[in-house]
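*Asks:* This one is structure-v8.txt, compact mmCIF, C-alpha atoms.
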# COMPACT_ATOMS: atom_id res chain seq x y z
CA MET A 232 68.33 119.73 104.10
CA ARG A 233 69.34 120.25 100.48
CA LEU A 234 73.06 119.72 100.01
CA GLY A 235 73.23 122.98 98.10
CA ASP A 236 71.91 124.86 101.14
CA VAL A 237 74.77 123.74 103.40
CA CYS A 238 77.66 124.16 100.95
CA THR A 239 79.53 127.17 99.65
CA LYS A 240 80.64 125.36 96.49
CA ILE A 241 79.53 122.45 94.34
CA GLY A 242 81.36 122.32 91.02
CA SER A 243 83.78 120.45 88.78
CA GLY A 244 86.84 121.43 86.78
CA ALA A 245 88.32 120.71 83.36
CA THR A 246 91.21 119.02 81.60
CA PRO A 247 93.91 121.41 80.33
CA ARG A 248 93.90 121.94 76.57
CA GLY A 249 96.09 119.26 75.05
CA GLY A 250 95.05 116.61 77.56
CA LYS A 251 97.62 114.10 78.75
CA ASP A 252 100.35 115.59 76.57
CA THR A 253 100.40 118.66 78.82
CA TYR A 254 100.86 116.76 82.09
CA LYS A 255 104.10 117.28 83.99
CA SER A 256 106.21 114.98 86.14
CA ALA A 257 105.74 117.37 89.07
CA GLY A 258 103.86 120.54 89.90
CA ILE A 259 100.28 121.14 91.00
CA PRO A 260 98.22 117.93 91.29
CA LEU A 261 95.34 117.47 88.85
CA ILE A 262 92.91 115.07 90.48
CA ARG A 263 91.01 112.75 88.16
CA SER A 264 88.29 110.19 88.84
CA GLN A 265 90.86 107.39 89.17
CA ASN A 266 92.29 109.14 92.24
CA VAL A 267 88.95 109.23 94.05
CA LEU A 268 88.12 105.95 95.79
CA ASP A 269 85.42 105.19 98.31
CA TYR A 270 86.60 106.66 101.61
CA SER A 271 90.19 107.19 100.41
CA PHE A 272 92.37 109.14 98.00
CA THR A 273 94.98 107.35 95.90
CA THR A 274 97.99 108.86 94.18
CA ASP A 275 98.09 106.05 91.59
CA GLY A 276 98.17 107.78 88.21
CA LEU A 277 98.06 111.25 89.78
CA ALA A 278 98.69 113.88 87.10
CA PHE A 279 100.47 117.22 87.52
CA ILE A 280 100.15 120.57 85.74
CA ASP A 281 102.24 123.74 85.78
CA ASP A 282 101.34 127.09 87.33
CA LYS A 283 100.02 128.54 84.06
CA GLN A 284 97.65 125.64 83.54
CA ALA A 285 96.61 125.77 87.18
CA ARG A 286 95.68 129.47 86.93
CA LEU A 287 93.26 128.60 84.15
CA LEU A 288 91.60 126.15 86.56
CA ASP A 289 91.42 128.44 89.59
CA ASN A 290 87.67 127.86 89.83
CA ALA A 291 88.46 124.15 90.37
CA ARG A 292 90.98 124.70 93.17
CA VAL A 293 90.79 122.15 95.97
CA GLN A 294 90.98 123.45 99.52
CA GLU A 295 91.65 121.55 102.73
CA ASN A 296 88.56 119.64 103.93
CA ASP A 297 86.91 119.72 100.51
CA VAL A 298 84.94 116.58 99.71
CA LEU A 299 85.42 115.17 96.21
CA ILE A 300 82.88 113.07 94.33
CA ASN A 301 83.17 111.40 90.93
CA ILE A 302 80.35 112.58 88.70
CA THR A 303 80.77 110.57 85.48
CA GLY A 304 81.63 107.09 84.27
CA ASP A 305 81.88 103.72 85.96
CA SER A 306 83.31 105.24 89.15
CA VAL A 307 80.44 107.67 89.60
CA ALA A 308 79.52 108.48 93.24
CA ARG A 309 82.87 107.45 94.71
CA VAL A 310 83.66 109.96 97.47
CA CYS A 311 86.79 110.92 99.38
CA MET A 312 88.66 113.79 100.99
CA VAL A 313 92.09 114.85 99.75
CA PRO A 314 95.00 114.77 102.23
CA ALA A 315 96.29 118.25 103.09
CA ASP A 316 99.65 117.37 101.50
CA TYR A 317 98.05 117.58 98.04
CA VAL A 318 96.35 120.95 98.53
CA PRO A 319 96.10 123.19 96.59
CA ALA A 320 95.20 120.86 93.75
CA ARG A 321 92.80 121.10 90.81
CA VAL A 322 90.10 118.70 89.62
CA ASN A 323 89.12 117.78 86.10
CA GLN A 324 85.62 117.67 84.65
CA HIS A 325 84.88 114.19 86.01
CA VAL A 326 85.25 115.24 89.66
CA SER A 327 83.14 117.69 91.63
CA ILE A 328 84.22 119.69 94.68
CA ILE A 329 81.76 119.81 97.58
CA ARG A 330 82.74 122.50 100.07
CA ALA A 331 80.84 122.61 103.36
CA ASN A 332 79.60 125.87 104.87
CA ALA A 333 81.48 125.70 108.16
CA GLN A 334 78.56 127.36 109.99
CA LYS A 335 76.11 124.65 108.91
CA ALA A 336 77.87 121.41 108.09
CA ASP A 337 80.90 119.37 109.10
CA PRO A 338 82.84 118.26 105.99
CA TYR A 339 83.49 114.76 107.35
CA TYR A 340 79.81 114.38 108.16
CA LEU A 341 79.03 115.32 104.54
CA LEU A 342 81.61 112.79 103.32
CA TYR A 343 79.97 109.95 105.23
CA SER A 344 76.48 111.14 104.30
CA LEU A 345 77.39 110.86 100.63
CA GLN A 346 78.83 107.40 101.22
CA LEU A 347 75.57 106.36 102.86
CA LEU A 348 73.58 107.79 99.95
CA LYS A 349 75.71 106.11 97.29
CA PRO A 350 72.97 103.64 96.19
CA HIS A 351 70.62 106.59 95.64
CA LEU A 352 73.32 108.55 93.81
CA LEU A 353 74.00 105.59 91.54
CA SER A 354 70.29 105.32 90.83
CA ILE A 355 69.76 108.94 89.85
CA GLY A 356 73.10 109.04 88.03
CA SER A 357 72.12 106.18 85.74
CA SER A 358 68.76 107.60 84.70
CA GLY A 359 68.19 109.51 81.51
CA GLY A 360 71.44 108.90 79.69
CA THR A 361 73.76 106.34 78.16
CA ARG A 362 76.57 107.14 80.59
CA ASN A 363 76.42 107.37 84.36
CA ALA A 364 76.50 111.02 85.39
CA LEU A 365 75.65 113.25 88.33
CA THR A 366 74.85 116.84 87.46
CA ARG A 367 75.42 119.86 89.65
CA GLN A 368 71.66 120.25 90.01
CA MET A 369 71.32 116.65 91.21
CA LEU A 370 73.94 117.23 93.88
CA GLU A 371 72.51 120.59 94.97
CA ASN A 372 69.03 119.08 95.34
CA LEU A 373 70.23 116.00 97.18
CA GLU A 374 68.48 115.79 100.55
CA ILE A 375 70.58 114.80 103.56
CA TYR A 376 69.69 114.29 107.21
CA LEU A 377 71.41 117.04 109.18
CA PRO A 378 71.59 116.95 113.02
CA PRO A 379 73.00 119.93 114.96
CA LEU A 380 76.55 120.87 113.98
CA SER A 381 78.01 119.65 117.28
CA GLU A 382 76.53 116.18 116.68
CA GLN A 383 77.72 116.19 113.08
CA ILE A 384 81.27 116.83 114.27
CA LYS A 385 81.08 113.96 116.78
CA ILE A 386 79.74 111.53 114.16
CA GLY A 387 82.30 112.61 111.60
CA HIS A 388 85.12 112.25 114.13
CA THR A 389 84.00 108.78 115.22
CA LEU A 390 83.89 107.40 111.69
CA ARG A 391 87.04 109.27 110.70
CA THR A 392 88.94 107.62 113.57
CA LEU A 393 88.27 104.22 112.00
CA ASP A 394 89.31 105.44 108.55
CA ASP A 395 92.46 107.03 109.95
CA LYS A 396 93.47 103.68 111.44
CA ILE A 397 92.81 101.99 108.10
CA ALA A 398 94.93 104.63 106.36
CA ASN A 399 97.69 104.16 108.94
CA ASN A 400 97.69 100.41 108.29
CA THR A 401 97.92 101.10 104.57
CA THR A 402 100.97 103.32 105.13
CA ILE A 403 102.61 100.72 107.37
CA ASN A 404 101.99 98.01 104.80
CA HIS A 405 103.47 100.14 102.04
CA ASN A 406 106.62 100.59 104.13
CA LEU A 407 106.78 96.87 104.93
CA GLU A 408 106.47 96.00 101.26
CA GLN A 409 109.18 98.51 100.40
CA MET A 410 111.41 96.86 103.00
CA ALA A 411 110.77 93.46 101.43
CA GLN A 412 111.57 94.85 97.97
CA ALA A 413 114.77 96.43 99.30
CA ILE A 414 115.92 93.11 100.77
CA PHE A 415 115.09 91.37 97.49
CA LYS A 416 117.17 93.91 95.56
CA ASN A 417 120.03 93.65 98.05
CA TRP A 418 120.18 89.86 97.69
CA PHE A 419 119.21 89.18 94.08
CA VAL A 420 120.10 92.31 92.10
CA ASP A 421 123.08 93.84 93.89
CA PHE A 422 124.30 90.51 95.40
CA GLU A 423 125.62 92.44 98.42
CA PRO A 424 125.72 89.44 100.79
CA TRP A 425 127.98 87.79 98.20
CA SER A 426 130.41 90.67 97.70
CA GLY A 427 128.54 91.99 94.67
CA GLU A 428 128.97 88.83 92.60
CA GLN A 429 126.34 86.30 91.58
CA PRO A 430 127.17 83.00 93.33
CA ALA A 431 128.48 80.27 91.08
CA ASP A 432 125.74 77.80 92.00
CA TRP A 433 122.99 80.17 90.82
CA HIS A 434 121.89 80.25 87.19
CA ASN A 435 119.70 82.18 84.77
CA GLY A 436 116.72 79.93 84.12
CA VAL A 437 112.99 80.18 83.44
CA LEU A 438 110.00 80.76 85.70
CA SER A 439 108.79 77.15 85.58
CA GLU A 440 111.89 76.19 87.57
CA ILE A 441 110.60 78.33 90.45
CA ALA A 442 106.88 77.64 89.87
CA PRO A 443 106.31 74.23 88.24
CA LEU A 444 102.54 74.82 87.99
CA VAL A 445 101.38 77.66 85.74
CA TYR A 446 97.71 77.68 84.73
CA SER A 447 94.56 79.78 84.33
CA GLY A 448 90.91 79.17 85.13
CA GLY A 449 87.45 79.83 83.81
CA THR A 450 84.08 81.45 84.49
CA PRO A 451 80.80 79.69 85.28
CA ASN A 452 77.95 80.71 82.98
CA THR A 453 76.80 84.09 84.26
CA GLY A 454 73.31 83.44 82.92
CA ILE A 455 72.73 80.52 85.29
CA THR A 456 71.94 81.82 88.76
CA ALA A 457 72.51 78.41 90.36
CA TYR A 458 76.23 78.84 89.68
CA TRP A 459 76.59 82.10 91.61
CA ASP A 460 76.37 83.61 95.09
CA GLY A 461 77.42 80.42 96.83
CA ASN A 462 80.13 80.06 99.47
CA ILE A 463 83.13 79.19 97.28
CA PRO A 464 85.59 82.07 96.59
CA TRP A 465 86.12 82.96 92.92
CA LEU A 466 88.71 85.47 91.70
CA SER A 467 88.61 87.78 88.67
CA SER A 468 91.55 89.63 87.14
CA GLY A 469 90.45 93.02 88.46
CA GLU A 470 91.20 91.90 92.01
CA THR A 471 94.92 91.82 91.22
CA ARG A 472 94.87 95.59 91.71
CA ASN A 473 95.74 94.69 95.31
CA HIS A 474 99.23 93.29 95.83
CA PHE A 475 97.90 91.15 98.66
CA ILE A 476 94.45 89.61 98.24
CA ILE A 477 92.88 88.66 101.58
CA SER A 478 89.21 88.21 100.64
CA PRO A 479 87.20 87.54 97.46
CA GLU A 480 84.72 89.87 95.83
CA ASN A 481 82.67 87.06 94.27
CA PHE A 482 81.48 83.60 95.24
CA ILE A 483 80.29 80.63 93.21
CA THR A 484 78.54 77.36 94.02
CA GLN A 485 79.85 73.81 93.74
CA GLU A 486 77.57 73.43 90.74
CA GLY A 487 79.35 76.40 89.17
CA VAL A 488 82.71 74.75 89.80
CA ASP A 489 81.56 71.43 88.34
CA ASN A 490 80.15 73.01 85.17
CA SER A 491 83.00 75.34 84.22
CA SER A 492 86.72 75.31 83.52
CA THR A 493 87.57 77.30 86.64
CA ARG A 494 90.52 75.96 88.63
CA LEU A 495 91.54 76.17 92.25
CA ALA A 496 94.46 78.35 93.39
CA HIS A 497 95.87 77.95 96.88
CA ARG A 498 96.99 80.26 99.66
CA PHE A 499 100.36 81.85 98.80
CA ASP A 500 100.04 81.11 95.10
CA ILE A 501 100.98 84.01 92.83
CA VAL A 502 98.17 85.33 90.61
CA MET A 503 98.54 87.66 87.65
CA ALA A 504 96.05 89.40 85.37
CA SER A 505 96.68 88.10 81.87
CA ALA A 506 94.57 90.37 79.66
CA GLY A 507 93.25 93.88 79.21
CA GLN A 508 94.49 97.04 77.52
CA GLY A 509 94.17 99.08 80.71
CA SER A 510 96.48 98.88 83.70
CA THR A 511 95.23 95.46 84.81
CA ARG A 512 97.34 93.23 82.54
CA GLY A 513 100.58 92.24 84.26
CA GLN A 514 99.46 93.10 87.79
CA THR A 515 100.86 90.56 90.26
CA SER A 516 99.37 89.58 93.62
CA LEU A 517 99.99 87.20 96.49
CA LEU A 518 96.83 85.20 97.20
CA MET A 519 96.11 84.81 100.92
CA PHE A 520 93.31 82.20 100.70
CA ASP A 521 92.20 79.27 98.53
CA SER A 522 90.10 80.44 95.59
CA TYR A 523 88.94 79.38 92.16
CA VAL A 524 90.01 81.76 89.36
CA ASN A 525 88.74 82.93 86.01
CA GLN A 526 90.31 82.66 82.58
CA SER A 527 92.02 86.05 82.82
CA VAL A 528 93.96 85.07 85.93
CA ILE A 529 97.19 83.11 85.65
CA VAL A 530 98.22 81.13 88.72
CA MET A 531 101.87 80.32 89.49
CA SER A 532 102.43 77.73 92.18
CA GLY A 533 105.72 76.60 93.64
CA PRO A 534 107.76 76.20 96.83
CA TYR A 535 109.20 79.75 96.90
CA PRO A 536 106.23 82.11 96.43
CA LEU A 537 107.72 85.16 98.18
CA TYR A 538 110.79 85.19 95.95
CA LEU A 539 108.58 84.86 92.87
CA PHE A 540 106.12 87.51 94.05
CA LEU A 541 108.81 90.12 94.69
CA ASN A 542 110.57 89.26 91.43
CA LEU A 543 107.44 89.66 89.30
CA SER A 544 106.15 92.72 91.19
CA GLY A 545 109.08 94.70 89.84
CA ARG A 546 108.61 93.53 86.23
CA TYR A 547 105.20 95.02 85.41
CA THR A 548 106.45 97.19 82.53
CA GLU A 549 108.57 94.36 81.13
CA LEU A 550 105.66 91.93 81.18
CA ARG A 551 103.37 94.34 79.35
CA ALA A 552 106.04 95.01 76.74
CA ILE A 553 106.55 91.27 76.15
CA SER A 554 102.81 90.69 75.78
CA ASP A 555 102.45 93.66 73.41
CA SER A 556 105.07 92.16 71.09
CA SER A 557 103.65 88.62 71.17
CA SER A 558 101.51 87.02 68.50
CA ILE A 559 98.54 87.23 70.86
CA ARG A 560 98.80 90.99 71.22
CA GLY A 561 97.83 92.39 74.56
CA SER A 562 97.72 89.07 76.42
CA ILE A 563 100.05 87.27 78.77
CA THR A 564 99.85 83.51 78.31
CA THR A 565 100.72 80.62 80.61
CA LYS A 566 103.37 79.46 78.12
CA MET A 567 104.91 82.93 78.01
CA LEU A 568 105.13 83.08 81.80
CA ALA A 569 106.46 79.55 82.19
CA GLN A 570 109.34 80.46 79.85
CA LEU A 571 109.96 83.91 81.35
CA PRO A 572 113.69 84.37 82.10
CA ILE A 573 114.35 84.46 85.82
CA LEU A 574 117.33 84.17 88.15
CA VAL A 575 117.32 80.81 89.93
CA PRO A 576 119.26 81.04 93.22
CA SER A 577 120.32 78.02 95.22
CA LYS A 578 117.71 76.20 97.30
CA ASN A 579 119.31 77.08 100.64
CA VAL A 580 119.36 80.81 99.78
CA LEU A 581 115.69 80.73 98.67
CA GLU A 582 114.77 79.08 101.95
CA LYS A 583 116.74 81.63 103.97
CA PHE A 584 115.10 84.46 102.00
CA ALA A 585 111.64 83.05 102.78
CA LEU A 586 112.47 82.98 106.50
CA THR A 587 113.69 86.59 106.31
CA ILE A 588 110.69 87.95 104.43
CA SER A 589 107.88 85.90 106.02
CA PRO A 590 107.57 88.09 109.17
CA LEU A 591 107.08 91.19 107.00
CA ILE A 592 104.40 89.49 104.91
CA GLY A 593 102.76 88.16 108.07
CA GLN A 594 102.51 91.68 109.51
CA ILE A 595 101.06 92.94 106.23
CA GLU A 596 98.39 90.24 106.37
CA ASN A 597 97.56 91.07 110.00
CA ASN A 598 97.17 94.76 109.15
CA LEU A 599 94.96 93.95 106.17
CA ASN A 600 92.71 91.77 108.30
CA GLU A 601 92.46 94.48 110.94
CA SER A 602 91.60 97.06 108.27
CA MET A 603 88.92 94.76 106.85
CA TYR A 604 87.40 94.42 110.33
CA LEU A 605 87.51 98.21 110.88
CA ALA A 606 85.88 98.83 107.49
CA THR A 607 83.09 96.40 108.38
CA LEU A 608 82.63 98.15 111.73
CA ARG A 609 82.52 101.55 110.01
CA ASP A 610 79.97 100.34 107.46
CA THR A 611 77.84 98.89 110.28
CA LEU A 612 77.92 102.09 112.34
CA LEU A 613 77.45 104.45 109.39
CA PRO A 614 73.68 104.06 108.79
CA ARG A 615 72.90 103.82 112.51
CA LEU A 616 74.79 107.00 113.39
CA MET A 617 73.48 108.89 110.37
CA SER A 618 69.86 107.99 111.08
CA GLY A 619 70.06 108.87 114.77
CA GLU A 620 69.33 105.28 115.78
CA LEU A 621 72.69 105.23 117.59
CA SER A 622 74.39 108.19 119.20
CA VAL A 623 78.09 108.79 119.74
CA ALA A 624 77.33 109.06 123.47
CA ASN A 625 76.06 105.45 123.41
CA LEU A 626 79.31 104.29 121.81
CA GLN A 627 81.39 106.09 124.43
CA ARG A 628 79.59 104.23 127.20
Would you put the structure from the file into structure tokens?
*Replies:*
Amino acid sequence: MRLGDVCTKIGSGATPRGGKDTYKSAGIPLIRSQNVLDYSFTTDGLAFIDDKQARLLDNARVQENDVLINITGDSVARVCMVPADYVPARVNQHVSIIRANAQKADPYYLLYSLQLLKPHLLSIGSSGGTRNALTRQMLENLEIYLPPLSEQIKIGHTLRTLDDKIANNTTINHNLEQMAQAIFKNWFVDFEPWSGEQPADWHNGVLSEIAPLVYSGGTPNTGITAYWDGNIPWLSSGETRNHFIISPENFITQEGVDNSSTRLAHRFDIVMASAGQGSTRGQTSLLMFDSYVNQSVIVMSGPYPLYLFLNLSGRYTELRAISDSSSIRGSITTKMLAQLPILVPSKNVLEKFALTISPLIGQIENNLNESMYLATLRDTLLPRLMSGELSVANLQR
């Protein structure tokens, strides 16, 4: 079936006149491409507009169970569904609303169909122009396999159950991280266990006292295929978008290691993106496995990683401001980080803090590993369920 024949709406919105200057701190959400991820919606960078602006975008109003797809730029073809808490929202011109005809198509089935067809969407979206783009006509003419509605609902529900568990783990992990941050603040900002006063045996020092090793890596020559797609993890700065990194996106070979300046970071080292004018620079992550790193990743290694991680996680704005005012504008250097002012508590307190926080971090890691397994299961089932090779009835047996 053509997608256009089973939908009541396929269309995008617009940005209010005046652009970012018109955004509000609260109001009606304006969903942009950065909020649409594969399978999930993120509130990171979510913009808001007032009622007057929203009325001008009534044709781009998001309803419950609408599927959203990015139609321009590097994130083209990412697809998600917006949680009911953010409805009614509006979308800008980079996001298209796909609204299922309830008599013909299940919205979750359409969501997973579009995920399955992403390679095809990327292919047609990159043809005929200098910028990736999906037009309304492309989406309307997109052919999808459509079983009876009752089967669509079963397939959508089965895959959604896995995604709901992943989302639940994400929520739990957010709460666990907030708990860890609250304990950090209680101990090292408010000094509540010490009657509100900084203990006399603590001092204001520099980061190298907490992490004696501060270094960055390098990148094997991308033009030499023998250096890539091996079995050795290699980390780029973009991966610091996750506070906890449990698996690599890229792998290199031993030959790539031997013929580049990349360096090895270890499990529980702190990694930070050092460059970039976007949001990447200053992002801090806890590395959960051994990995080589590139030149835009700074590694900080020391005996008290959880204290350092929670300290730096709350200093993102400060780190970007320091790098903006440095002689190497827009970059964070190893020297800059090594000399970063930091509170240095006593050794026994740092050890006690690690014992207090470690169970929270351990649970976060367990949830992340479970979510990674569930995502792999979902991605394995997706093409088999969508093609009819596997039925939901078979799974239930």
*Asks:* Need to verify the contact set: Gly427 of chain A, 10 Å, all atoms listed in the file, exclusion of same-chain residues closer than 6 positions in sequence. Can you return it as a PyMOL selection string?
*Replies:* chain A and resi 417-421
*Asks:* Draw an axis-aligned box over all listed atoms of segment 429-446 of chain A, pad each side with 6 Å, and write its centre and edge lengths in Å, one decimal, as JSON.
*Replies:*
{"center_x": 113.1, "center_y": 80.3, "center_z": 88.4, "size_x": 42.8, "size_y": 24.1, "size_z": 21.9}
*Asks:* Rank nothing, just name the residue among A:Val445, A:Ile300, A:Leu586, A:Leu612 nearest to Leu571 of chain A, using all atoms listed in the file.
*Replies:* A:Val445
*Asks:* What is the atom CA of Asn372 of chain A-atom CA of Ala308 of chain A distance in Å, reported with one decimal?
*Replies:* 15.1 Å
*Asks:* Would you kindly return, as a list in words, each protein, DNA or RNA residue with an atom no farther than 10 Å from any atom of Leu543 of chain A, considering only C-alpha atoms and excluding same-chain residues fewer than 6 positions away?
*Replies:*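 What passes the distance filter is Leu438, Ile501, Met503, Gly513, Gln514, Thr515, Ser516, Leu537, Glu549, Leu550 and Ile573 of chain A.
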*Asks:* For atom CA of Val528 of chain A and atom CA of Gly448 of chain A, quote the distance in Å rounded to one decimal.
*Replies:*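 Going from atom CA of Val528 of chain A over to atom CA of Gly448 of chain A, I get 6.7 Å.
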*Asks:* So that I can see what lies close to Lys566 of chain A, please list as a VMD selection string the residues with an atom at most 12 Å from it, counting only C-alpha atoms and leaving out residues fewer than 5 positions away in the same chain.
*Replies:* chain A and resid 437 to 439 443 to 447 505 529 to 531 554 557 559 571
*Asks:* Segment 462-477 of chain A: which residues within 6 Å, counting all atoms listed in the file, same-chain residues fewer than 2 positions away excluded, as a list of chain:residue names?
*Replies:*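 Residues near the query, excluding close chain neighbours: A:Pro479, A:Asn481, A:Phe482, A:Ile483, A:Thr484, A:Ala504, A:Gln514, A:Ser516, A:Leu517, A:Leu518, A:Met519, A:Ser522, A:Tyr523, A:Val524, A:Asn525, A:Ser527, A:Val528.
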*Asks:* From the structure just shown, export segment 481-494 of chain A with N, CA and C atoms as a tab-separated table (two decimals), in the first residue's frame.
*Replies:*
chain	number	residue	atom	x	y	z
A	481	ASN	N	32.44	2.38	16.75
A	481	ASN	CA	33.44	2.09	15.72
A	481	ASN	C	34.52	1.16	16.26
A	482	PHE	N	35.13	0.42	15.33
A	482	PHE	CA	36.20	-0.49	15.69
A	482	PHE	C	37.38	-0.29	14.73
A	483	ILE	N	38.58	-0.50	15.24
A	483	ILE	CA	39.78	-0.42	14.43
A	483	ILE	C	40.56	-1.71	14.56
A	484	THR	N	41.60	-1.85	13.75
A	484	THR	CA	42.45	-3.03	13.79
A	484	THR	C	43.71	-2.73	14.57
A	485	GLN	N	44.48	-3.77	14.89
A	485	GLN	CA	45.76	-3.57	15.57
A	485	GLN	C	46.69	-2.76	14.68
A	486	GLU	N	46.59	-2.96	13.39
A	486	GLU	CA	47.41	-2.18	12.46
A	486	GLU	C	47.05	-0.70	12.54
A	487	GLY	N	45.75	-0.42	12.73
A	487	GLY	CA	45.33	0.97	12.89
A	487	GLY	C	45.87	1.57	14.17
A	488	VAL	N	45.90	0.79	15.24
A	488	VAL	CA	46.49	1.26	16.50
A	488	VAL	C	47.96	1.56	16.33
A	489	ASP	N	48.68	0.63	15.69
A	489	ASP	CA	50.14	0.75	15.56
A	489	ASP	C	50.57	1.90	14.67
A	490	ASN	N	49.69	2.33	13.76
A	490	ASN	CA	50.06	3.36	12.79
A	490	ASN	C	49.30	4.67	13.01
A	491	SER	N	48.94	4.95	14.24
A	491	SER	CA	48.28	6.21	14.56
A	491	SER	C	48.66	6.64	15.97
A	492	SER	N	48.22	7.83	16.34
A	492	SER	CA	48.51	8.35	17.68
A	492	SER	C	47.39	8.08	18.67
A	493	THR	N	46.46	7.19	18.30
A	493	THR	CA	45.38	6.86	19.23
A	493	THR	C	45.94	6.26	20.51
A	494	ARG	N	45.24	6.47	21.62
A	494	ARG	CA	45.69	5.96	22.91
A	494	ARG	C	44.56	5.23	23.61
